[in-house]
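Asks: Structure file work-v1.cif, mmCIF, C-alpha atoms and all ligand atoms, is pasted below:
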data_data
loop_
_atom_site.label_atom_id
_atom_site.label_comp_id
_atom_site.auth_asym_id
_atom_site.auth_seq_id
_atom_site.Cartn_x
_atom_site.Cartn_y
_atom_site.Cartn_z
CA MET A 81 -15.34 16.78 7.56
CA GLU A 82 -16.46 14.91 4.47
CA THR A 83 -17.05 16.95 1.35
CA THR A 84 -19.92 16.34 -1.05
CA ALA A 85 -18.55 18.60 -3.80
CA LEU A 86 -17.81 17.10 -7.21
CA GLN A 87 -14.27 15.75 -7.19
CA PRO A 88 -11.77 17.12 -9.72
CA GLN A 89 -10.20 14.46 -11.93
CA VAL A 90 -6.60 13.52 -12.60
CA ASP A 91 -5.58 12.27 -16.06
CA THR A 92 -5.55 8.54 -15.23
CA ALA A 93 -3.51 7.38 -18.24
CA ASP A 94 -0.79 9.94 -17.53
CA LEU A 95 -0.90 9.04 -13.84
CA GLU A 96 -0.37 5.33 -14.53
CA LEU A 97 2.69 6.12 -16.66
CA ARG A 98 4.16 8.34 -13.96
CA VAL A 99 3.49 5.84 -11.17
CA LYS A 100 5.09 3.03 -13.19
CA SER A 101 8.07 5.23 -14.04
CA MET A 102 8.63 6.30 -10.43
CA TYR A 103 8.38 2.79 -8.96
CA ARG A 104 10.47 1.26 -11.75
CA ASP A 105 13.25 3.59 -10.53
CA VAL A 106 12.56 2.59 -6.91
CA ALA A 107 13.07 -1.09 -7.87
CA ILE A 108 16.14 -0.58 -10.05
CA ASN A 109 17.88 2.27 -8.27
CA PRO A 110 16.89 2.18 -4.59
CA HIS A 111 19.73 4.46 -3.55
CA GLY A 112 18.68 7.29 -5.90
CA GLU A 113 17.21 10.58 -4.72
CA TYR A 114 13.48 10.51 -4.02
CA HIS A 115 11.07 12.85 -2.28
CA PHE A 116 10.29 10.05 0.19
CA GLU A 117 12.46 7.98 2.50
CA MET A 118 13.14 4.36 1.69
CA GLY A 119 14.87 1.27 2.94
CA ARG A 120 15.71 -0.30 6.27
CA GLY A 121 16.13 3.01 8.13
CA LEU A 122 12.57 3.96 7.20
CA ALA A 123 11.22 0.51 8.08
CA GLU A 124 12.79 0.57 11.55
CA LYS A 125 11.56 4.13 12.13
CA LEU A 126 8.00 3.07 11.24
CA GLY A 127 8.07 0.22 13.76
CA TYR A 128 9.10 -2.89 11.82
CA GLU A 129 10.71 -5.53 14.01
CA LYS A 130 14.45 -6.08 13.51
CA ASN A 131 13.96 -9.82 13.75
CA ASP A 132 11.49 -9.80 10.83
CA LEU A 133 13.79 -7.60 8.74
CA ASP A 134 16.75 -9.89 9.47
CA ASN A 135 14.88 -12.87 8.07
CA ILE A 136 13.77 -11.62 4.65
CA PRO A 137 15.76 -10.78 1.48
CA PRO A 138 17.74 -7.54 2.14
CA ALA A 139 17.15 -6.29 -1.43
CA SER A 140 13.39 -6.23 -0.77
CA ILE A 141 14.07 -3.89 2.16
CA GLU A 142 16.27 -1.47 0.20
CA SER A 143 13.35 -0.78 -2.21
CA PHE A 144 10.78 -0.52 0.59
CA ALA A 145 8.75 2.66 -0.01
CA GLY A 146 5.86 2.19 2.40
CA VAL A 147 4.35 4.80 4.70
CA GLY A 148 3.52 2.94 7.92
CA TYR A 149 3.47 -0.28 9.97
CA PHE A 150 0.32 -2.41 10.23
CA PHE A 151 1.40 -5.95 11.20
CA ASP A 152 0.39 -5.22 14.82
CA LEU A 153 -3.16 -4.53 13.53
CA ALA A 154 -3.25 -7.40 11.01
CA GLY A 155 -2.78 -10.25 13.53
CA ILE A 156 -1.67 -12.71 10.84
CA ASN A 157 -1.90 -16.32 12.07
CA LYS A 158 -0.11 -19.47 10.93
CA GLY A 159 -1.98 -20.90 7.96
CA ASP A 160 -3.58 -17.57 6.89
CA ARG A 161 -3.93 -16.64 3.23
CA VAL A 162 -2.70 -13.07 2.72
CA LEU A 163 -2.94 -10.70 -0.26
CA ASP A 164 -0.54 -7.71 -0.56
CA LEU A 165 -1.91 -4.94 -2.82
CA GLY A 166 0.86 -3.03 -4.62
CA SER A 167 3.51 -5.36 -3.25
CA GLY A 168 6.46 -3.47 -4.81
CA SER A 169 9.76 -5.30 -4.29
CA GLY A 170 8.04 -7.52 -1.75
CA MET A 171 9.16 -6.52 1.75
CA ASP A 172 5.71 -6.73 3.38
CA SER A 173 4.85 -9.91 1.48
CA PHE A 174 8.02 -11.62 2.75
CA ILE A 175 7.25 -10.55 6.33
CA ALA A 176 3.66 -11.79 5.95
CA ALA A 177 5.04 -15.14 4.72
CA LEU A 178 7.16 -15.41 7.90
CA LYS A 179 3.94 -15.02 9.89
CA THR A 180 1.71 -17.41 7.89
CA GLY A 181 4.39 -20.10 7.90
CA ARG A 182 4.49 -22.79 5.24
CA THR A 183 0.89 -23.82 5.92
CA GLY A 184 -0.24 -20.37 4.81
CA TYR A 185 0.14 -18.48 1.58
CA VAL A 186 0.96 -14.94 0.40
CA ALA A 187 0.18 -13.37 -2.97
CA GLY A 188 1.55 -9.97 -3.97
CA VAL A 189 -0.01 -7.96 -6.82
CA ASP A 190 1.68 -5.06 -8.59
CA MET A 191 1.38 -3.39 -11.99
CA THR A 192 5.03 -2.30 -12.41
CA ASP A 193 7.15 -4.91 -14.22
CA GLU A 194 10.48 -3.98 -12.61
CA GLN A 195 9.03 -4.26 -9.09
CA LEU A 196 7.55 -7.67 -9.95
CA ASP A 197 10.76 -8.89 -11.59
CA LYS A 198 12.75 -7.92 -8.51
CA ALA A 199 10.27 -9.50 -6.06
CA ASN A 200 10.15 -12.71 -8.11
CA ARG A 201 13.95 -12.92 -8.22
CA LEU A 202 14.04 -12.54 -4.44
CA VAL A 203 11.58 -15.40 -3.90
CA GLU A 204 14.42 -17.73 -4.90
CA ASP A 205 16.62 -16.36 -2.04
CA PHE A 206 13.74 -16.69 0.40
CA ASN A 207 13.61 -20.43 -0.04
CA SER A 208 9.88 -20.84 0.40
CA ASP A 209 7.10 -21.94 -1.91
CA ASN A 210 4.29 -20.13 -0.07
CA ILE A 211 4.70 -16.76 -1.81
CA THR A 212 3.93 -15.61 -5.36
CA PHE A 213 4.02 -12.21 -7.07
CA VAL A 214 1.62 -11.61 -9.94
CA LYS A 215 1.06 -8.76 -12.35
CA GLY A 216 -2.25 -6.95 -12.05
CA LYS A 217 -4.20 -3.83 -11.22
CA ILE A 218 -5.63 -3.74 -7.73
CA GLU A 219 -8.88 -2.26 -9.08
CA GLN A 220 -9.59 -5.63 -10.74
CA LEU A 221 -8.20 -8.58 -8.81
CA ASP A 222 -7.76 -11.94 -10.48
CA PHE A 223 -8.78 -13.96 -7.38
CA GLY A 224 -12.02 -15.64 -6.44
CA ASP A 225 -14.54 -14.42 -3.85
CA ALA A 226 -13.69 -15.06 -0.17
CA THR A 227 -10.15 -16.30 -0.95
CA PHE A 228 -8.16 -14.41 1.71
CA ASP A 229 -8.02 -14.07 5.49
CA VAL A 230 -6.03 -10.82 5.39
CA VAL A 231 -5.43 -8.09 2.82
CA ILE A 232 -2.45 -5.81 3.44
CA SER A 233 -1.20 -2.76 1.51
CA ASN A 234 1.39 -0.08 2.14
CA GLY A 235 1.41 3.35 0.49
CA VAL A 236 -0.54 2.24 -2.57
CA ILE A 237 -4.27 3.01 -2.47
CA ASN A 238 -3.62 6.77 -2.38
CA LEU A 239 -2.15 6.29 -5.88
CA CYS A 240 -5.46 4.89 -7.21
CA PRO A 241 -8.04 7.30 -8.65
CA ASP A 242 -10.84 4.74 -8.17
CA LYS A 243 -10.52 3.91 -4.47
CA GLU A 244 -14.15 2.71 -4.27
CA ASN A 245 -13.39 0.00 -6.79
CA VAL A 246 -10.24 -1.04 -4.88
CA PHE A 247 -12.17 -1.42 -1.61
CA ALA A 248 -15.03 -3.25 -3.39
CA GLU A 249 -12.46 -5.76 -4.65
CA VAL A 250 -10.90 -6.09 -1.18
CA ALA A 251 -14.34 -6.84 0.32
CA ARG A 252 -15.03 -9.37 -2.43
CA VAL A 253 -11.82 -11.40 -1.95
CA LEU A 254 -11.93 -11.35 1.89
CA LYS A 255 -13.68 -14.12 3.82
CA PRO A 256 -16.94 -12.73 5.24
CA GLY A 257 -17.07 -12.61 9.05
CA SER A 258 -13.37 -13.21 9.71
CA GLY A 259 -11.49 -11.45 6.89
CA ARG A 260 -9.64 -8.24 7.67
CA MET A 261 -7.78 -5.48 5.87
CA ALA A 262 -4.72 -3.92 7.55
CA ILE A 263 -3.10 -1.12 5.55
CA ALA A 264 -0.96 1.99 5.78
CA ASP A 265 -1.81 4.87 3.47
CA ILE A 266 -1.79 8.62 2.96
CA VAL A 267 -4.97 10.62 3.68
CA SER A 268 -5.68 14.30 4.26
CA GLU A 269 -7.58 16.25 6.88
CA VAL A 270 -9.29 18.44 4.26
CA GLN A 271 -10.19 17.81 0.62
CA LEU A 272 -7.20 18.78 -1.52
CA PRO A 273 -7.72 21.63 -4.02
CA GLU A 274 -8.04 21.03 -7.76
CA ASN A 275 -4.53 22.21 -8.67
CA ILE A 276 -3.08 19.46 -6.46
CA VAL A 277 -5.60 16.71 -7.34
CA CYS A 278 -5.12 17.28 -11.10
CA ASN A 279 -1.32 17.20 -10.87
CA SER A 280 -0.27 13.65 -11.76
CA THR A 281 3.33 14.28 -10.60
CA LEU A 282 2.04 15.03 -7.11
CA TRP A 283 -0.15 11.89 -7.29
CA ALA A 284 2.80 9.71 -8.18
CA SER A 285 4.58 11.24 -5.18
CA CYS A 286 1.81 10.01 -2.82
CA ILE A 287 0.36 13.50 -2.23
CA GLY A 288 -2.22 14.34 -4.92
CA GLY A 289 -4.33 11.21 -4.43
CA ALA A 290 -4.71 11.55 -0.67
CA ALA A 291 -8.45 11.32 0.05
CA GLN A 292 -10.03 13.23 2.90
CA GLU A 293 -9.98 10.85 5.90
CA ASP A 294 -13.76 10.50 6.45
CA THR A 295 -14.36 10.08 2.72
CA TYR A 296 -11.68 7.37 2.68
CA LYS A 297 -13.31 5.52 5.61
CA ASN A 298 -16.74 5.74 3.94
CA LYS A 299 -15.33 4.20 0.78
CA ILE A 300 -13.96 1.31 2.87
CA GLU A 301 -17.28 0.70 4.63
CA LYS A 302 -19.52 0.98 1.55
CA PRO A 303 -18.85 -2.56 0.19
CA GLY A 304 -19.30 -4.26 3.59
CA MET A 305 -16.29 -3.63 5.79
CA LYS A 306 -16.17 -1.95 9.22
CA VAL A 307 -13.29 0.32 10.19
CA ILE A 308 -12.07 -0.87 13.62
CA ASP A 309 -8.94 1.16 14.28
CA VAL A 310 -7.04 4.09 12.76
CA LYS A 311 -3.72 5.37 14.09
CA ARG A 312 -1.54 8.14 12.83
CA ASN A 313 2.03 7.29 11.82
CA THR A 314 3.76 10.33 13.27
CA SER A 315 7.21 9.03 12.37
CA TYR A 316 6.43 9.16 8.63
CA GLY A 317 7.33 12.44 6.91
CA PHE A 318 7.78 13.68 3.35
CA ILE A 319 11.18 14.99 2.30
CA SER A 320 10.58 17.53 -0.48
CA LYS A 321 9.63 21.11 0.32
CA SER A 322 6.42 21.02 -1.79
CA ALA A 323 5.30 17.78 -0.17
CA ARG A 324 6.00 19.16 3.30
CA GLY A 325 4.03 22.29 2.36
CA ALA A 326 0.98 20.16 1.42
CA THR A 327 1.32 18.26 4.69
CA GLU A 328 1.18 21.46 6.70
CA LYS A 329 -1.52 23.17 4.65
CA TYR A 330 -3.97 20.30 4.08
CA GLY A 331 -3.07 17.87 6.84
CA VAL A 332 -1.68 15.24 4.45
CA LYS A 333 -0.58 12.39 6.75
CA SER A 334 0.12 8.68 7.01
CA VAL A 335 -2.29 6.41 8.88
CA SER A 336 -2.44 2.68 9.61
CA LEU A 337 -5.95 1.27 9.54
CA LEU A 338 -7.71 -2.00 10.39
CA ALA A 339 -11.10 -2.92 8.90
CA ARG A 340 -13.10 -6.14 9.25
CA ARG A 341 -15.17 -7.81 6.55
CA ILE A 342 -18.74 -7.97 7.82
C1 LIG B 1 4.68 3.46 -2.83
S1 LIG B 1 5.01 1.96 -3.68
C2 LIG B 1 4.81 0.83 -2.33
C3 LIG B 1 5.32 -0.53 -2.63
C4 LIG B 1 5.32 -1.49 -1.44
N1 LIG B 1 3.99 -1.66 -0.90
C5 LIG B 1 6.26 -0.99 -0.37
O1 LIG B 1 5.79 -0.73 0.75
O2 LIG B 1 7.45 -0.84 -0.65
C6 LIG B 1 3.53 1.76 -4.61
C7 LIG B 1 3.46 0.47 -5.43
O3 LIG B 1 2.11 0.28 -5.84
C8 LIG B 1 2.06 -0.10 -7.20
N2 LIG B 1 0.77 0.36 -7.72
C9 LIG B 1 0.29 1.62 -7.73
N3 LIG B 1 -0.96 1.65 -8.23
C10 LIG B 1 -1.27 0.36 -8.54
C11 LIG B 1 -2.44 -0.26 -9.09
N4 LIG B 1 -3.51 0.46 -9.42
N5 LIG B 1 -2.43 -1.60 -9.28
C12 LIG B 1 -1.32 -2.33 -8.96
N6 LIG B 1 -0.20 -1.79 -8.44
C13 LIG B 1 -0.18 -0.47 -8.22
C14 LIG B 1 3.28 0.57 -7.82
O4 LIG B 1 3.69 -0.11 -8.98
C15 LIG B 1 4.30 0.49 -6.69
O5 LIG B 1 5.05 -0.69 -6.76
#
Could you render the structure as structure tokens?
Ligand SMILES: C[S@@+](CC[C@H](N)C(=O)[O-])C[C@H]1O[C@@H](n2cnc3c(N)ncnc32)[C@H](O)[C@@H]1O
Replies:
Amino acid sequence: METTALQPQVDTADLELRVKSMYRDVAINPHGEYHFEMGRGLAEKLGYEKNDLDNIPPASIESFAGVGYFFDLAGINKGDRVLDLGSGSGMDSFIAALKTGRTGYVAGVDMTDEQLDKANRLVEDFNSDNITFVKGKIEQLDFGDATFDVVISNGVINLCPDKENVFAEVARVLKPGSGRMAIADIVSEVQLPENIVCNSTLWASCIGGAAQEDTYKNKIEKPGMKVIDVKRNTSYGFISKSARGATEKYGVKSVSLLARRI
């Protein structure tokens, strides 16, 4: 059920530092210890196709820290223009580029320098000129209106305190009528309590920023998108004890979701 209560606030400046610090480590040290799974094993478990994974830079896969699979929902066609929000080390962007072909185009946006540096280095191995990674915040996209056919994102929007602004930007850059957003993200069955929402460490770990599912869908639809499909990613699970506790207590879970631009 959606809640109308005033939402507690996280310290956004502290959160941004923690998110950048965590995902800098993910880029530089993908085999370190994290509270979430990463890499090719996770990707295959979530449903990524072996053939796609075999045809993109392996180093983009080792830093993959997504939460679900959405390419079956996205229906990317040859020639499509695709935007990847919070593209990390680039795994989903490279797969999207396989699907658009050279007549299409993929842009990845991320705010963490080390993720961008890694993704940009890997573009050279990929041997294609239809993919670019740019620095930016997904709350304020540096692209024109109606630029993209598809917006994708994996495990990112839960990290953003201002989700309404993110979805307003997605609606703005998608082509009206045909544009679609296919994402995987973390949501919760009930509104999380203040002590979790105000804990920026739990936000950076993809728990604290999980919005209640109906609230999340309303934020998507407000700027002119229609939620078409939502499926739970049962194969995604958190590793740490505290994260697993939040999952059990508040129904924190991964979903893949398709919305169409009206
Ligand atoms: C959980 S990782 C996922 C990365 C990638 N999508 C993947 O599946 O591996 C989250 C990424 O989102 C980026 N990010 C988080 N909040 C952001 C924001 N507001 N604007 C731009 N990037 C953001 C982080 O820098 C990080 O690279």
Asks: Around all of ligand LIG 1 (chain B)'s listed atoms, make the axis-aligned box with 3 Å on each side and tell me centre and edge lengths in Å to one decimal, as JSON.
Replies:
{"center_x": 2.0, "center_y": 0.6, "center_z": -4.3, "size_x": 17.0, "size_y": 11.8, "size_z": 16.2}
Asks: Do a neighbour search on Thr281 (chain A) at 7 Å with only C-alpha atoms, toss out local chain neighbours closer than 3 positions, and write the hits as a list of chain:residue names.
Replies: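 Returned residues: A:Arg98, A:Ala284, A:Ser285.
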Asks: For Ala251 (chain A), list every protein, DNA or RNA residue within 7 Å, evaluated using only C-alpha atoms, and leave out those in the same chain fewer than 4 positions away; present the list as a list in words.
Replies: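 Here the answer would be Phe247, Pro303, Gly304, Met305 and Arg341 of chain A.
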Asks: Can you tell me, as a list in words, what residues are no more than 9 Å from region 154-156 of chain A when counting all atoms listed in the file, ignoring any on the same chain fewer than 5 positions away?
Replies: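 Returned residues: Arg161, Val162, Ala176, Lys179, Thr180, Asp229, Val230, Val231, Ile232, Arg260, Met261, Ala262, Ile263 and Leu338 of chain A.
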Asks: Taking C-alpha atoms for each residue, export the selection above as a PDB file, in the coordinates of the input.
Replies:
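Saved as out-v5.pdb:
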ATOM      1  CA  ARG A 161      -3.930 -16.640   3.230  1.00  0.00           C
ATOM      2  CA  VAL A 162      -2.700 -13.070   2.720  1.00  0.00           C
ATOM      3  CA  ALA A 176       3.660 -11.790   5.950  1.00  0.00           C
ATOM      4  CA  LYS A 179       3.940 -15.020   9.890  1.00  0.00           C
ATOM      5  CA  THR A 180       1.710 -17.410   7.890  1.00  0.00           C
ATOM      6  CA  ASP A 229      -8.020 -14.070   5.490  1.00  0.00           C
ATOM      7  CA  VAL A 230      -6.030 -10.820   5.390  1.00  0.00           C
ATOM      8  CA  VAL A 231      -5.430  -8.090   2.820  1.00  0.00           C
ATOM      9  CA  ILE A 232      -2.450  -5.810   3.440  1.00  0.00           C
ATOM     10  CA  ARG A 260      -9.640  -8.240   7.670  1.00  0.00           C
ATOM     11  CA  MET A 261      -7.780  -5.480   5.870  1.00  0.00           C
ATOM     12  CA  ALA A 262      -4.720  -3.920   7.550  1.00  0.00           C
ATOM     13  CA  ILE A 263      -3.100  -1.120   5.550  1.00  0.00           C
ATOM     14  CA  LEU A 338      -7.710  -2.000  10.390  1.00  0.00           C
TER      15      LEU A 338
END
Asks: Determine the nearest neighbour of Lys311 (chain A) from the options A:Phe174, A:Tyr149, A:Tyr103, A:Phe116, counting only C-alpha atoms.
Replies: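 Smallest separation from Lys311 (chain A) among the options: A:Tyr149.
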Asks: Could you pull the residues within 10 Å of Asp309 (chain A), counting all atoms listed in the file, minus those fewer than 6 positions along the same chain, as a list in words?
Replies: Leu153, Ala262, Ser336, Leu337, Leu338, Ala339 and Arg340 of chain A
Asks: Dump the neighbourhood of ligand LIG 1 (chain B) as a count of residues only: all residues within 8 Å, distances computed on all atoms listed in the file.
Replies: 39
Asks: CA of Asn245 (chain A) and CA of Val307 (chain A) are how many Å apart?
Replies: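 The value is 17.0 Å.
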Asks: Would you mind reading off the distance between CA of Leu221 (chain A) and CA of Val203 (chain A), one decimal, in Å?
Replies: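 Distance reported for this atom pair: 21.5 Å.
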